Amino acid sequence: MSRLLLSSVAALASTALVDEDAVNLLQTATLRREHVAPRDQKKKCVVKGDPHVKLWNTPDSEGAAKGLYGTYADYWLVKTPELKVMGRVGGVEHFDMGVVKGVAVSGSLVGDKILEIPTENNGAITFDGAPITSFPWSGGGLSITVGTGPNLNQFGGSKPMDPRTNTYNITLSSAEIILNQGVFQHLEINADASLVANDAGQCNNECTNFFECQDGTCDPKVSLFSTKHATCGEKIMRVPCNSLRLKLAEKDCKKQFKGQKTAGNAIHNCIEDCCTDRNQCPDRGEGDGRATCVVFGDPHIKGFDASYPNVHSYDPMGTHWLVNSKFIQVQAQYITDKGMKAGVRGIAVTGDIVGEKQKLSGRNPVLYFPPVDGPLAEGGAYLDGKKVFDCDKRNCNLHTPYEDPNRRFKITYGDAPDIQLLLSDQRPVPNRSYVFTVDFAHGAKIMIHQGLSQNIHMSIDGDLLQNCSGECGNFNGDDTDDHHPSVDNTTCASPDTIFIPNGKECYMANVDLARCHKRKYLNKFKQVCQDALKLQGLRVSDNAKTILKACQMDCCLGGPCPKNTKQKVQKPTSKPTSTKSR
């Protein structure tokens with residue numbers, strides 16, 4: 001075989017070696033320096049999110065293979081003599097992450113002039129210092145159009161990319177940049193392989209330890225941007241990822257990519273994002289998987305699976321489970337006055353959502369909210385017996401919000417929507433004072449109305465409600481199996497499971513239920529209850545057996561009863577919207 005033929009075979013073998021689907025990333029790092037691909041071969045780099053980077057030689061199916069988590073700075077995304085692309089990585093409100101908040105393009109393809117593109121509503125796009133005010137635009141070796149394009153934040157996901165408006169297409173002679181505009185930016189860079197063969201930017205940086213291989217600059221002389229980076233050098237402080245959030249993030253992300261050919265890096269990045277920031281989890285924007293339970297009055301209960309209050313629990317008194325699931329547990333103390341029906345006087349929350357199990361006790365920390373009036377009145381809020389809100393209803397508004405040192409939850413106090421009016425779907429819903437609001441870092445929000453008795457509104461992610469039981473139901477999508485008799489001890493907490501302070505075993509109060517279960521006594525209150533419900537905009541026929549009977553029982557037993565009214569009732573025009581958000 002001739003030398004010429006041998007060299008040709010060797011060249012073909014060398015070309016085969018750099019097939020990006022056939023070699024791993026570490027091999028490509030070495031081979032790229034030895035091989036120059038044909039000019040018509042295209043390469044793609046995607047920078048998205050907070051931010052993740054899909055490298056030139058990473059297969060599209062793998063998504064983003066690295067992330068820039070270290071510091072806020074100006075980063076070279078592409079750095080060659082012909083094409084330079086720089087991203088300004090900074091913080092964004094409400095998130096502990098770095099995102100692209102400005103893009104600059106330069107290089108010999110545009111005569112070494114600079115195109116600057118700030119984020120949406122943050123100034124004009126400029127080329128060589130002159131603002132560009134109308135599109136399409138062309139000049140200096142590039143052209144720009146604005147319209148609808150792919151949502152690049154979905155790149156590498158399991159679904160096709162949805163269209164996104166306000167997308168810029170920047171075309172150069174041998175490269176194209178697609179840019180999603182917004183509060184922060186996502187971009188896709190397509191270039192001839194030969195143009196970026198010796199790229200020294202992040203799109204070509206296969207470093208696997210993201211915290212030790214940054215190349216950001218804070219030097220205005222090096223940066224392509226005309227303004228100084230306001231927060232350059234600050235560390236990106238990501239929210240600690242606790243064990244609960246990690247479990248749920250893994251579940252969400254693996255489900256998102258189930259059945260796809262996506263490699264591990266895309267799933268890993270999804271888990272890291274979801275774990276450190278709930279708003280970046282895959283289920284966001286799809287109903288959020290939330291379920292609501294409301295307990296109010298004496299007490300009426302709207303379970304997770306119900307649209308209206310479908311449980312009315314009169315007896316026994318003592319400690320009841322509201323929610324008992326794998327990750328979150330909620331107990332309430334039912335107390336009676338003068339032998340009448342129960343009121344909720346004390347609410348406690350525990351589980352992995354509050355904190356890790358303690359080594360000595362083997363239990364999770366307990367959040368406790370006592371009532372502000374009546375028996376057990378203390379006011380404020382407690383964490384494992386320590387008062388973290390040292391106040392009563394007269395001065396709690398002066399207290400600063402309490403944030404857990406491990407950043408698992410935050411407690412605020414003040415006005416919040418009235419729970420009972422939320423249930424009747426009135427618009428607008430007026431606020432009520434004396435309300436504790438607990439925002440948990442992963443998947444739950446609880447409102448507690450303080451008073452002689454307490455009302456509680458719980459909005460909880462479905463993935464926290466595994467094997468759920470309690471007054472709020474079993475969260476199986478069927479509200480018919482959440483009903484229980486008005487006198488029922490199935491939700492009572494046994495002595496060894498009580499964690500609420502001052503918790504007591506259930507006991508039967510002296511409530512004359514037998515008399516009020518007779519129809520002739522209930523019928524005395526039928527008309528006044530029907531009128532009251534219609535005035536609230538509720539059709540009695542929607543849930544007649546539960547809503548109407550609960551009202552009549554309240555009246556019969558001496559509890560809250562609507563006043564008799566002759567006010568003309570207007571028939572509702574439509575069924576009220578369900579409060580169930582799952």
# chains A, B, ... in the order shown; residues from 1 in each chain; ligands from 1
call {"tool": "residues_around", "arguments": {"residues": "Ile500 (chain A)", "least_positions_apart": "4", "cutoff": "8 Å", "atoms": "only C-alpha atoms", "output": "list in words"}}
result
Thr319, Gln331, Ala332, Gln333, Gly346, Ile347, Ala348, Val366 and Tyr368 of chain A
call {"tool": "residues_around", "arguments": {"residues": "Val46 (chain A)", "least_positions_apart": "4", "cutoff": "7 Å", "atoms": "only C-alpha atoms", "output": "list in words"}}
result
Val53, Lys54, Leu187, Glu188 and Ile189 of chain A
call {"tool": "residues_around", "arguments": {"residues": "Val438 (chain A)", "least_positions_apart": "4", "cutoff": "9 Å", "atoms": "only C-alpha atoms", "output": "list in words"}}
result
Phe409, Lys410, Ile411, Thr412, Tyr413, Ala444, Lys445, Ile446, Met447 and Ile448 of chain A
call {"tool": "write_last_selection", "arguments": {"atoms": "C-alpha atoms", "output": "PDB file, in the first residue's frame"}}
result
ATOM      1  CA  PHE A 409     -39.074  27.656  56.614  1.00  0.00           C
ATOM      2  CA  LYS A 410     -39.968  31.273  57.289  1.00  0.00           C
ATOM      3  CA  ILE A 411     -42.685  32.572  59.628  1.00  0.00           C
ATOM      4  CA  THR A 412     -44.416  35.914  59.117  1.00  0.00           C
ATOM      5  CA  TYR A 413     -47.357  37.489  60.933  1.00  0.00           C
ATOM      6  CA  ALA A 444     -45.913  23.712  51.589  1.00  0.00           C
ATOM      7  CA  LYS A 445     -47.543  26.875  52.870  1.00  0.00           C
ATOM      8  CA  ILE A 446     -49.662  27.045  56.014  1.00  0.00           C
ATOM      9  CA  MET A 447     -51.842  29.922  57.262  1.00  0.00           C
ATOM     10  CA  ILE A 448     -53.135  29.922  60.843  1.00  0.00           C
TER      11      ILE A 448
END
call {"tool": "residues_around", "arguments": {"residues": "region 142-147 of chain A", "least_positions_apart": "6", "cutoff": "9 Å", "atoms": "only C-alpha atoms", "output": "MDAnalysis selection string"}}
result
chainID A and resid 109:110 135:136 164:173
call {"tool": "write_last_selection", "arguments": {"atoms": "C-alpha atoms", "output": "compact mmCIF listing (two decimals), in the first residue's frame"}}
result
# COMPACT_ATOMS: atom_id res chain seq x y z
CA LEU A 109 -16.20 38.62 12.11
CA VAL A 110 -17.61 42.01 13.14
CA PHE A 135 -35.49 45.69 13.90
CA PRO A 136 -34.65 43.97 11.63
CA ARG A 164 -40.95 31.98 23.30
CA THR A 165 -41.52 35.56 22.20
CA ASN A 166 -38.90 38.32 22.33
CA THR A 167 -36.21 36.02 20.93
CA TYR A 168 -33.28 37.59 19.04
CA ASN A 169 -31.59 35.95 16.05
CA ILE A 170 -28.09 37.33 15.48
CA THR A 171 -26.53 36.13 12.23
CA LEU A 172 -22.82 36.38 11.35
CA SER A 173 -20.98 34.98 8.33
call {"tool": "closest_residue", "arguments": {"among": "A:Val349, A:Val344, A:Leu383, A:Val294", "to": "Ser459 (chain A)", "atoms": "only C-alpha atoms"}}
result
A:Val294
call {"tool": "select_by_dssp", "arguments": {"residues": "region 449-491 of chain A", "states": "strand (DSSP E or B)", "output": "list in words"}}
result
His449, Asn455, Ile456, His457, Met458, Ser459, Ile460, Asp461, Ser469 and Val487 of chain A
call {"tool": "closest_residue", "arguments": {"among": "A:Thr80, A:Asn57, A:Asn476, A:Thr227", "to": "Ala291 (chain A)", "atoms": "only C-alpha atoms"}}
result
A:Asn476
call {"tool": "closest_residue", "arguments": {"among": "A:His52, A:His320, A:His442, A:Lys526", "to": "Cys492 (chain A)", "atoms": "only C-alpha atoms"}}
result
A:His320
call {"tool": "atom_distance", "arguments": {"atom1": "CA of Gly90 (chain A)", "atom2": "CA of Glu116 (chain A)"}}
result
15.9 Å
call {"tool": "atom_distance", "arguments": {"atom1": "CA of Ser313 (chain A)", "atom2": "CA of Ser469 (chain A)"}}
result
15.2 Å
call {"tool": "residues_around", "arguments": {"residues": "Ser108 (chain A)", "least_positions_apart": "2", "cutoff": "10 Å", "atoms": "only C-alpha atoms", "output": "list in words"}}
result
Thr80, Pro81, Glu82, Leu83, Lys84, Ser106, Val110, Gly111, Asp112, Lys113 and Gly141 of chain A
call {"tool": "write_last_selection", "arguments": {"atoms": "N, CA and C atoms", "output": "CSV table (one decimal), in the first residue's frame"}}
result
chain,number,residue,atom,x,y,z
A,80,THR,N,-12.3,33.1,20.6
A,80,THR,CA,-11.4,32.9,19.5
A,80,THR,C,-11.1,34.2,18.8
A,81,PRO,N,-10.1,34.3,18.0
A,81,PRO,CA,-9.9,35.6,17.3
A,81,PRO,C,-11.0,36.0,16.5
A,82,GLU,N,-11.7,35.1,15.9
A,82,GLU,CA,-12.8,35.4,15.0
A,82,GLU,C,-14.2,35.7,15.7
A,83,LEU,N,-14.4,35.0,16.8
A,83,LEU,CA,-15.7,35.1,17.5
A,83,LEU,C,-15.5,35.2,19.0
A,84,LYS,N,-15.9,36.2,19.6
A,84,LYS,CA,-15.9,36.4,21.0
A,84,LYS,C,-17.3,36.6,21.6
A,106,SER,N,-18.2,40.0,19.9
A,106,SER,CA,-17.1,40.7,19.2
A,106,SER,C,-16.3,39.7,18.4
A,110,VAL,N,-16.9,40.7,13.1
A,110,VAL,CA,-17.6,42.0,13.1
A,110,VAL,C,-16.6,43.2,13.2
A,111,GLY,N,-15.4,43.0,12.7
A,111,GLY,CA,-14.4,44.0,12.7
A,111,GLY,C,-13.9,44.4,14.1
A,112,ASP,N,-14.0,43.4,15.0
A,112,ASP,CA,-13.6,43.7,16.4
A,112,ASP,C,-14.4,44.8,17.1
A,113,LYS,N,-15.5,45.1,16.5
A,113,LYS,CA,-16.5,46.0,17.2
A,113,LYS,C,-17.3,45.2,18.2
A,141,GLY,N,-21.2,43.4,9.6
A,141,GLY,CA,-20.9,42.0,9.5
A,141,GLY,C,-21.9,41.1,10.2
call {"tool": "atom_distance", "arguments": {"atom1": "CA of Asn406 (chain A)", "atom2": "CA of His449 (chain A)"}}
result
25.7 Å
call {"tool": "select_by_dssp", "arguments": {"residues": "region 81-259 of chain A", "states": "alpha helix (DSSP H)", "output": "list in words"}}
result
Ser243, Leu244, Arg245, Leu246, Lys247, Leu248, Ala249, Glu250, Lys251, Asp252, Cys253, Lys254, Lys255 and Gln256 of chain A
call {"tool": "residues_around", "arguments": {"residues": "Pro495 (chain A)", "least_positions_apart": "3", "cutoff": "10 Å", "atoms": "only C-alpha atoms", "output": "JSON, numbers by chain"}}
result
{"A": [319, 492, 498, 499, 503, 504, 505, 506]}
call {"tool": "closest_residue", "arguments": {"among": "A:Val47, A:Val435, A:Cys556, A:Ala64", "to": "Gly379 (chain A)", "atoms": "only C-alpha atoms"}}
result
A:Val435
